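Participant: The structure file start-v1.txt (compact mmCIF, C-alpha atoms) is provided below.
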```txt
# COMPACT_ATOMS: atom_id res chain seq x y z
CA MET N 1 0.00 0.00 0.00
CA ASN N 2 1.30 3.46 -0.92
CA ILE N 3 1.42 5.75 2.11
CA ASP N 4 1.45 9.49 1.42
CA PRO N 5 4.62 10.94 3.01
CA ALA N 6 3.00 14.32 3.79
CA PRO N 7 1.28 13.20 7.01
CA ALA N 8 4.52 11.56 8.16
CA LYS N 9 6.38 14.83 7.53
CA LEU N 10 3.82 16.71 9.61
CA ARG N 11 4.08 14.14 12.41
CA LYS N 12 7.85 14.63 12.50
CA LEU N 13 7.39 18.39 12.74
CA LEU N 14 4.93 17.90 15.57
CA ALA N 15 7.38 15.69 17.47
CA ARG N 16 10.29 18.09 16.97
CA PRO N 17 10.95 20.75 19.64
CA GLY N 18 9.84 24.27 18.84
CA LEU N 19 6.94 26.10 17.26
CA ILE N 20 5.66 25.28 13.77
CA GLN N 21 5.03 28.59 12.02
CA SER N 22 2.57 28.35 9.15
CA LEU N 23 0.77 30.73 6.83
CA GLY N 24 -2.65 30.54 5.28
CA ALA N 25 -2.76 30.40 1.48
CA HIS N 26 -5.90 31.44 -0.39
CA ASP N 27 -4.85 29.81 -3.67
CA VAL N 28 -2.20 27.50 -5.10
CA PHE N 29 0.04 30.41 -6.14
CA THR N 30 0.24 31.77 -2.60
CA ALA N 31 0.82 28.25 -1.27
CA LEU N 32 3.79 28.01 -3.63
CA LEU N 33 5.13 31.32 -2.33
CA VAL N 34 4.75 30.08 1.26
CA GLU N 35 6.79 26.99 0.41
CA GLN N 36 9.46 28.97 -1.43
CA ALA N 37 9.77 31.30 1.56
CA GLY N 38 10.94 28.33 3.61
CA PHE N 39 7.87 27.53 5.69
CA GLU N 40 7.47 23.86 6.51
CA THR N 41 3.67 23.71 6.31
CA VAL N 42 0.89 25.63 4.62
CA PHE N 43 -2.65 26.13 5.88
CA LEU N 44 -5.73 26.17 3.62
CA GLY N 45 -8.48 27.94 5.50
CA GLY N 46 -12.14 28.20 4.61
CA PHE N 47 -12.11 32.02 4.69
CA GLY N 48 -9.38 32.38 2.06
CA ALA N 49 -10.70 29.53 -0.04
CA SER N 50 -14.24 30.90 -0.09
CA ALA N 51 -12.97 34.37 -1.01
CA SER N 52 -10.61 33.11 -3.71
CA LEU N 53 -12.75 30.39 -5.28
CA LEU N 54 -16.18 32.00 -4.94
CA GLY N 55 -15.65 35.65 -4.06
CA LEU N 56 -17.95 35.01 -1.09
CA PRO N 57 -17.61 35.24 2.72
CA ASP N 58 -16.83 32.34 5.02
CA LEU N 59 -20.42 31.29 5.75
CA ASN N 60 -20.21 27.62 4.75
CA LEU N 61 -21.02 28.46 1.14
CA LEU N 62 -18.00 26.48 -0.05
CA THR N 63 -18.89 22.82 -0.48
CA MET N 64 -16.80 19.90 0.74
CA THR N 65 -15.98 18.77 -2.79
CA GLU N 66 -14.89 22.29 -3.79
CA MET N 67 -12.56 22.43 -0.78
CA ALA N 68 -11.24 18.92 -1.46
CA ASP N 69 -10.45 19.97 -5.04
CA PHE N 70 -8.59 23.04 -3.71
CA VAL N 71 -6.60 20.71 -1.45
CA ARG N 72 -5.86 18.37 -4.37
CA ARG N 73 -4.62 21.14 -6.65
CA THR N 74 -2.44 22.59 -3.88
CA CYS N 75 -0.94 19.26 -2.88
CA ALA N 76 -0.11 18.56 -6.52
CA ARG N 77 2.07 21.70 -6.62
CA VAL N 78 3.77 21.97 -3.22
CA THR N 79 5.83 19.42 -1.33
CA ILE N 80 5.35 20.74 2.22
CA PRO N 81 2.51 19.29 4.33
CA VAL N 82 -0.89 20.89 3.77
CA ILE N 83 -3.29 21.36 6.70
CA ALA N 84 -6.84 21.91 5.47
CA ASP N 85 -9.93 23.41 7.05
CA ALA N 86 -12.75 20.85 7.08
CA ASP N 87 -15.21 23.18 8.84
CA THR N 88 -17.86 21.08 10.61
CA GLY N 89 -17.19 18.03 8.48
CA HIS N 90 -19.99 19.36 6.24
CA GLY N 91 -22.80 17.63 8.08
CA GLY N 92 -23.34 14.66 10.37
CA LEU N 93 -21.17 11.64 11.11
CA PRO N 94 -21.38 10.10 7.60
CA ASN N 95 -20.38 13.48 6.15
CA VAL N 96 -17.42 13.68 8.55
CA GLU N 97 -16.26 10.24 7.45
CA ARG N 98 -16.49 11.16 3.76
CA THR N 99 -14.75 14.51 4.33
CA VAL N 100 -11.79 12.87 6.05
CA ARG N 101 -11.40 10.33 3.27
CA MET N 102 -11.74 12.94 0.52
CA PHE N 103 -9.18 15.28 2.11
CA GLU N 104 -6.80 12.41 2.79
CA ALA N 105 -7.11 11.17 -0.79
CA ALA N 106 -6.52 14.73 -2.02
CA GLY N 107 -3.11 14.73 -0.34
CA ALA N 108 -3.68 16.73 2.84
CA ALA N 109 -1.46 15.94 5.83
CA GLY N 110 -4.20 16.81 8.29
CA LEU N 111 -7.43 18.71 8.81
CA LEU N 112 -9.30 20.90 11.25
CA LEU N 113 -12.71 19.79 12.44
CA GLU N 114 -14.87 22.16 14.47
CA ASP N 115 -17.97 22.16 16.66
CA GLN N 116 -20.16 24.86 15.15
CA VAL N 117 -23.74 24.21 14.19
CA PHE N 118 -24.03 23.59 10.43
CA PRO N 119 -23.94 25.88 8.47
CA LYS N 120 -20.99 27.50 10.19
CA ARG N 121 -19.43 30.93 9.95
CA CYS N 122 -15.92 32.34 10.44
CA GLY N 123 -14.75 31.79 14.00
CA HIS N 124 -14.21 35.52 14.50
CA PHE N 125 -17.73 36.43 13.34
CA PRO N 126 -20.39 37.07 16.02
CA ASN N 127 -23.53 35.04 16.82
CA LYS N 128 -22.12 31.56 16.34
CA GLN N 129 -23.69 28.41 17.79
CA VAL N 130 -21.98 25.18 18.81
CA ILE N 131 -23.19 21.61 18.92
CA PRO N 132 -23.25 19.69 22.23
CA ALA N 133 -19.87 18.47 23.49
CA ASP N 134 -20.98 14.83 23.19
CA GLU N 135 -21.77 15.31 19.52
CA MET N 136 -18.41 16.95 18.86
CA ALA N 137 -16.59 14.08 20.56
CA ARG N 138 -18.46 11.64 18.32
CA LYS N 139 -17.41 13.63 15.25
CA ILE N 140 -13.77 13.51 16.29
CA HIS N 141 -13.99 9.80 17.03
CA THR N 142 -15.56 9.25 13.60
CA ALA N 143 -12.82 11.28 11.92
CA VAL N 144 -10.09 9.28 13.68
CA ARG N 145 -11.66 5.99 12.63
CA ALA N 146 -12.19 7.19 9.04
CA LYS N 147 -8.56 7.95 8.20
CA THR N 148 -6.57 5.26 6.43
CA ASN N 149 -3.12 6.72 7.10
CA PRO N 150 -2.34 6.59 10.84
CA ASP N 151 -0.12 9.67 10.49
CA PHE N 152 -2.98 11.82 9.15
CA LEU N 153 -3.49 14.62 11.69
CA ILE N 154 -6.85 15.47 13.26
CA ILE N 155 -7.05 18.94 14.82
CA ALA N 156 -10.05 19.49 17.12
CA ARG N 157 -11.27 23.07 16.97
CA THR N 158 -13.84 24.57 19.30
CA ASN N 159 -15.70 27.86 18.90
CA ALA N 160 -17.30 27.57 22.35
CA ARG N 161 -15.28 30.38 23.94
CA GLN N 162 -17.59 33.14 22.72
CA MET N 163 -20.87 31.49 23.73
CA ASN N 164 -20.02 29.25 26.67
CA GLY N 165 -16.80 30.66 28.11
CA LEU N 166 -13.23 29.44 28.32
CA ASP N 167 -13.89 26.62 30.78
CA ASP N 168 -16.26 24.88 28.39
CA ALA N 169 -13.89 25.40 25.47
CA ILE N 170 -11.02 23.83 27.40
CA GLU N 171 -13.18 20.92 28.50
CA ARG N 172 -14.27 20.33 24.90
CA VAL N 173 -10.79 20.14 23.37
CA ASN N 174 -9.51 17.95 26.19
CA ARG N 175 -12.40 15.59 25.60
CA CYS N 176 -11.77 15.57 21.85
CA CYS N 177 -8.12 14.71 22.40
CA ASP N 178 -9.18 11.91 24.76
CA VAL N 179 -11.06 10.29 21.86
CA GLY N 180 -8.19 10.63 19.40
CA ALA N 181 -7.62 14.21 18.23
CA ASP N 182 -3.92 14.99 17.85
CA VAL N 183 -3.99 18.77 18.31
CA ALA N 184 -6.27 21.09 20.29
CA PHE N 185 -7.44 24.43 18.90
CA ILE N 186 -9.48 26.88 20.94
CA GLU N 187 -10.65 29.57 18.53
CA ALA N 188 -10.78 33.22 19.52
CA PRO N 189 -9.32 33.55 23.05
CA GLN N 190 -10.08 37.12 24.05
CA SER N 191 -7.05 38.15 26.16
CA VAL N 192 -3.40 37.45 26.77
CA ALA N 193 -4.43 35.95 30.10
CA GLU N 194 -6.58 33.41 28.25
CA LEU N 195 -3.76 32.59 25.85
CA GLU N 196 -1.59 31.95 28.90
CA GLU N 197 -4.21 29.87 30.71
CA ILE N 198 -4.95 27.46 27.86
CA PRO N 199 -1.52 25.71 27.82
CA ARG N 200 -1.70 25.28 31.59
CA ARG N 201 -4.97 23.35 31.28
CA VAL N 202 -4.60 21.60 27.92
CA LYS N 203 -1.67 19.18 27.97
CA ARG N 204 -1.80 18.39 24.24
CA PRO N 205 -0.19 20.04 21.21
CA LEU N 206 -1.90 23.41 20.80
CA PHE N 207 -2.83 25.39 17.69
CA ALA N 208 -2.92 29.22 17.82
CA ASN N 209 -4.73 31.37 15.27
CA MET N 210 -3.06 34.77 14.92
CA LEU N 211 -5.68 36.60 12.85
CA ALA N 212 -4.80 40.28 12.42
CA GLY N 213 -7.93 42.25 13.28
CA GLY N 214 -9.61 39.32 15.02
CA VAL N 215 -10.65 39.11 18.66
CA THR N 216 -7.48 37.33 19.84
CA PRO N 217 -4.47 39.44 20.89
CA ILE N 218 -1.50 38.95 18.57
CA LEU N 219 1.62 37.57 20.23
CA PRO N 220 5.01 37.08 18.55
CA ALA N 221 5.86 33.52 17.57
CA ARG N 222 8.60 33.29 20.19
CA GLU N 223 6.11 34.18 22.97
CA LEU N 224 3.59 31.61 21.74
CA GLU N 225 6.35 29.00 21.81
CA GLN N 226 7.34 29.98 25.33
CA LEU N 227 3.72 29.67 26.45
CA GLY N 228 3.57 26.13 25.08
CA TYR N 229 1.84 26.41 21.70
CA LYS N 230 2.97 24.01 18.98
CA ILE N 231 1.45 25.42 15.75
CA ALA N 232 0.82 29.10 14.97
CA VAL N 233 -0.92 30.25 11.81
CA CYS N 234 -1.60 33.62 10.19
CA PRO N 235 -4.75 32.44 8.43
CA VAL N 236 -5.95 35.12 5.99
CA GLU N 237 -3.17 37.68 5.89
CA SER N 238 -2.13 36.59 2.38
CA LEU N 239 -5.62 37.56 1.24
CA MET N 240 -5.41 40.91 3.06
CA VAL N 241 -2.06 41.79 1.51
CA CYS N 242 -3.18 40.76 -1.98
CA ALA N 243 -6.44 42.71 -1.67
CA ARG N 244 -4.63 45.90 -0.76
CA ALA N 245 -2.06 45.47 -3.54
CA MET N 246 -4.78 44.80 -6.12
CA ARG N 247 -6.77 47.85 -5.00
CA GLU N 248 -3.68 50.00 -5.43
CA LEU N 249 -2.98 48.48 -8.84
CA CYS N 250 -6.54 49.07 -10.04
CA GLN N 251 -6.62 52.63 -8.75
CA THR N 252 -3.24 53.50 -10.26
CA TRP N 253 -4.14 52.15 -13.69
CA LYS N 254 -7.52 53.88 -13.58
CA THR N 255 -6.25 57.30 -12.50
CA GLU N 256 -2.75 57.48 -13.97
CA GLY N 257 -3.08 55.29 -17.05
CA ARG N 258 0.16 53.41 -16.34
CA VAL N 259 1.40 51.06 -13.66
CA ASP N 260 5.08 50.62 -14.48
CA ASP N 261 6.19 52.69 -11.48
CA LEU N 262 3.99 50.59 -9.21
CA ALA N 263 5.17 47.38 -10.82
CA ALA N 264 8.76 48.40 -10.11
CA LYS N 265 8.03 47.78 -6.41
CA ALA N 266 6.81 44.25 -7.13
CA VAL N 267 8.57 41.12 -8.33
CA THR N 268 9.81 41.38 -11.90
CA PHE N 269 8.36 39.36 -14.76
CA ALA N 270 11.61 37.39 -14.80
CA GLU N 271 11.24 36.61 -11.09
CA LEU N 272 7.63 35.62 -11.64
CA LYS N 273 8.65 33.15 -14.33
CA GLN N 274 11.37 31.79 -12.08
CA LEU N 275 9.12 31.16 -9.09
CA LEU N 276 6.61 29.38 -11.35
CA GLY N 277 9.38 27.21 -12.79
CA VAL N 278 8.90 28.25 -16.40
CA ASP N 279 12.39 27.16 -17.52
CA GLN N 280 11.88 23.72 -16.01
CA TYR N 281 8.79 23.19 -18.16
CA LEU N 282 10.23 24.68 -21.35
CA LYS N 283 13.62 22.98 -21.40
CA ASP N 284 14.11 20.32 -24.05
CA LYS N 285 13.83 16.80 -22.79
CA PRO N 286 15.55 13.86 -24.50
CA PRO N 287 13.17 11.45 -26.27
CA GLY N 288 12.25 8.22 -24.55
```
Here is a file; write its structure as structure tokens.
Facilitator:
Amino acid sequence: MNIDPAPAKLRKLLARPGLIQSLGAHDVFTALLVEQAGFETVFLGGFGASASLLGLPDLNLLTMTEMADFVRRTCARVTIPVIADADTGHGGLPNVERTVRMFEAAGAAGLLLEDQVFPKRCGHFPNKQVIPADEMARKIHTAVRAKTNPDFLIIARTNARQMNGLDDAIERVNRCCDVGADVAFIEAPQSVAELEEIPRRVKRPLFANMLAGGVTPILPARELEQLGYKIAVCPVESLMVCARAMRELCQTWKTEGRVDDLAAKAVTFAELKQLLGVDQYLKDKPPG
């Protein structure tokens, strides 16, 4: 049986001392840039995927098969492990099972599974609802049993902090890890004190979401590592940076009628061809 090496790579990173710094990529091109920058993992979040693929907000409008295809196209281009956002598993327990198998077959090294009521919304949006803790534990247990590669990573994410408080959120992720989740992720802690408290009460590898403009205070990577976090992700900042750059490009072309001065601040066309590997694809290959 062929075993995908990506989950094994991610497992080795998880076992190694130190913080895993990752970036969210909203398309394959940005995932390629993340890899070429030297990061050892890339994160495919629902917010960036929904914006890039559909031009729509993160309100569970992206289907499971659309996300699985995004995972497949990304994994076909990059060699670093891909962690993918599986939202709620896109339904009940049979949906969770199918989602895990589709993402695993697409080449992901692991996925996030969360406890919002379906349809979900971005974890930093207001007025969310979560399913009962028992139901979330069953989803995690189903996900663990569904994977065919034992190295495939299951990250249990809870959005309970906003509605039920930190105690419930901590209890939920601990329970999820007890039934097989590999990493615990409490979304949207609301203070530095909460970021400090979580590692004291969750003795599992911890995932931190450093969303600029979200409800969680931003801490430097070195501080997150000192607190005890294992994975830290900037989830949608690639989308933010690209949006601002595109707005400036559009406005400059519209008002000034030329963009060469603006383009001089960007990568050159030659650099663009290089990062895409144009020469590798155009070089003559011997027959046979």
Participant: Check the smallest atom-to-atom distance from each of N:Gly107, N:Gly18, N:Ala6, N:Ile218 to N:Cys234 using all atoms listed in the file, then report the winner.
Facilitator: N:Ile218
Participant: Could you give me, as a list in words, the residues that sit within 9 Å of (-7.1, 13.8, 16.4) in the file's coordinates, counting all atoms listed in the file?
Facilitator: Ile140, His141, Ala143, Val144, Phe152, Leu153, Ile154, Ile155, Ala156, Cys176, Cys177, Asp178, Val179, Gly180, Ala181, Asp182, Val183 and Ala184 of chain N
Participant: Taking 2 positions as the minimum chain separation for residues in the same chain, which residues sit within 12 Å of N:Gln226 when counting only C-alpha atoms? Answer as a compact mmCIF listing (two decimals) with C-alpha atoms, in the frame of the given file.
Facilitator:
```
# COMPACT_ATOMS: atom_id res chain seq x y z
CA PRO N 17 10.95 20.75 19.64
CA GLY N 18 9.84 24.27 18.84
CA LEU N 19 6.94 26.10 17.26
CA LEU N 195 -3.76 32.59 25.85
CA GLU N 196 -1.59 31.95 28.90
CA PRO N 199 -1.52 25.71 27.82
CA ARG N 200 -1.70 25.28 31.59
CA LEU N 219 1.62 37.57 20.23
CA PRO N 220 5.01 37.08 18.55
CA ALA N 221 5.86 33.52 17.57
CA ARG N 222 8.60 33.29 20.19
CA GLU N 223 6.11 34.18 22.97
CA LEU N 224 3.59 31.61 21.74
CA GLY N 228 3.57 26.13 25.08
CA TYR N 229 1.84 26.41 21.70
CA LYS N 230 2.97 24.01 18.98
```
Participant: Between N:Val96, N:Ala146, N:Thr79, N:Asp151, which residue has the minimum interatomic distance to N:Leu14, considering only C-alpha atoms?
Facilitator: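 Once distances to N:Leu14 are computed over only C-alpha atoms, the minimum belongs to N:Asp151.
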Participant: For N:Asn60, work out the shell of residues within 12 Å, counting all atoms listed in the file and skipping chain neighbours fewer than 4 positions away, then give it as JSON, numbers by chain.
Facilitator: {"N": [45, 46, 47, 49, 50, 51, 54, 56, 64, 66, 67, 85, 86, 87, 88, 89, 90, 91, 116, 117, 118, 119, 120, 121, 122, 123]}
Participant: Please compute the atom CA of N:Leu206-atom CA of N:Cys75 distance, one decimal, in Å.
Facilitator: 24.1 Å
Participant: Could you jot down the atom CA of N:Arg77 to atom CA of N:Thr65 separation for me, Å, one decimal place?
Facilitator: 18.7 Å
Participant: Can you tell me how far atom CA of N:Glu194 sits from atom CA of N:Arg175, in Å to one decimal?
Facilitator: 18.9 Å
Participant: Pick the closest to N:Thr41 from N:Ala109, N:Leu62, N:Val100, N:Ala68: which is it, counting only C-alpha atoms?
Facilitator: N:Ala109
Participant: Rank N:Gly277, N:Pro235, N:Lys139, N:Thr252 by their smallest atom-to-atom distance to N:Arg98, using all atoms listed in the file, and report the top residue only.
Facilitator: N:Lys139
Participant: Using the block above, I'd like stretch 13-103 of chain N written out, keeping C-alpha atoms and formatting it as a compact mmCIF listing (two decimals), in the first residue's frame.
Facilitator:
```txt
# COMPACT_ATOMS: atom_id res chain seq x y z
CA LEU N 13 7.39 18.39 12.74
CA LEU N 14 4.93 17.90 15.57
CA ALA N 15 7.38 15.69 17.47
CA ARG N 16 10.29 18.09 16.97
CA PRO N 17 10.95 20.75 19.64
CA GLY N 18 9.84 24.27 18.84
CA LEU N 19 6.94 26.10 17.26
CA ILE N 20 5.66 25.28 13.77
CA GLN N 21 5.03 28.59 12.02
CA SER N 22 2.57 28.35 9.15
CA LEU N 23 0.77 30.73 6.83
CA GLY N 24 -2.65 30.54 5.28
CA ALA N 25 -2.76 30.40 1.48
CA HIS N 26 -5.90 31.44 -0.39
CA ASP N 27 -4.85 29.81 -3.67
CA VAL N 28 -2.20 27.50 -5.10
CA PHE N 29 0.04 30.41 -6.14
CA THR N 30 0.24 31.77 -2.60
CA ALA N 31 0.82 28.25 -1.27
CA LEU N 32 3.79 28.01 -3.63
CA LEU N 33 5.13 31.32 -2.33
CA VAL N 34 4.75 30.08 1.26
CA GLU N 35 6.79 26.99 0.41
CA GLN N 36 9.46 28.97 -1.43
CA ALA N 37 9.77 31.30 1.56
CA GLY N 38 10.94 28.33 3.61
CA PHE N 39 7.87 27.53 5.69
CA GLU N 40 7.47 23.86 6.51
CA THR N 41 3.67 23.71 6.31
CA VAL N 42 0.89 25.63 4.62
CA PHE N 43 -2.65 26.13 5.88
CA LEU N 44 -5.73 26.17 3.62
CA GLY N 45 -8.48 27.94 5.50
CA GLY N 46 -12.14 28.20 4.61
CA PHE N 47 -12.11 32.02 4.69
CA GLY N 48 -9.38 32.38 2.06
CA ALA N 49 -10.70 29.53 -0.04
CA SER N 50 -14.24 30.90 -0.09
CA ALA N 51 -12.97 34.37 -1.01
CA SER N 52 -10.61 33.11 -3.71
CA LEU N 53 -12.75 30.39 -5.28
CA LEU N 54 -16.18 32.00 -4.94
CA GLY N 55 -15.65 35.65 -4.06
CA LEU N 56 -17.95 35.01 -1.09
CA PRO N 57 -17.61 35.24 2.72
CA ASP N 58 -16.83 32.34 5.02
CA LEU N 59 -20.42 31.29 5.75
CA ASN N 60 -20.21 27.62 4.75
CA LEU N 61 -21.02 28.46 1.14
CA LEU N 62 -18.00 26.48 -0.05
CA THR N 63 -18.89 22.82 -0.48
CA MET N 64 -16.80 19.90 0.74
CA THR N 65 -15.98 18.77 -2.79
CA GLU N 66 -14.89 22.29 -3.79
CA MET N 67 -12.56 22.43 -0.78
CA ALA N 68 -11.24 18.92 -1.46
CA ASP N 69 -10.45 19.97 -5.04
CA PHE N 70 -8.59 23.04 -3.71
CA VAL N 71 -6.60 20.71 -1.45
CA ARG N 72 -5.86 18.37 -4.37
CA ARG N 73 -4.62 21.14 -6.65
CA THR N 74 -2.44 22.59 -3.88
CA CYS N 75 -0.94 19.26 -2.88
CA ALA N 76 -0.11 18.56 -6.52
CA ARG N 77 2.07 21.70 -6.62
CA VAL N 78 3.77 21.97 -3.22
CA THR N 79 5.83 19.42 -1.33
CA ILE N 80 5.35 20.74 2.22
CA PRO N 81 2.51 19.29 4.33
CA VAL N 82 -0.89 20.89 3.77
CA ILE N 83 -3.29 21.36 6.70
CA ALA N 84 -6.84 21.91 5.47
CA ASP N 85 -9.93 23.41 7.05
CA ALA N 86 -12.75 20.85 7.08
CA ASP N 87 -15.21 23.18 8.84
CA THR N 88 -17.86 21.08 10.61
CA GLY N 89 -17.19 18.03 8.48
CA HIS N 90 -19.99 19.36 6.24
CA GLY N 91 -22.80 17.63 8.08
CA GLY N 92 -23.34 14.66 10.37
CA LEU N 93 -21.17 11.64 11.11
CA PRO N 94 -21.38 10.10 7.60
CA ASN N 95 -20.38 13.48 6.15
CA VAL N 96 -17.42 13.68 8.55
CA GLU N 97 -16.26 10.24 7.45
CA ARG N 98 -16.49 11.16 3.76
CA THR N 99 -14.75 14.51 4.33
CA VAL N 100 -11.79 12.87 6.05
CA ARG N 101 -11.40 10.33 3.27
CA MET N 102 -11.74 12.94 0.52
CA PHE N 103 -9.18 15.28 2.11
```
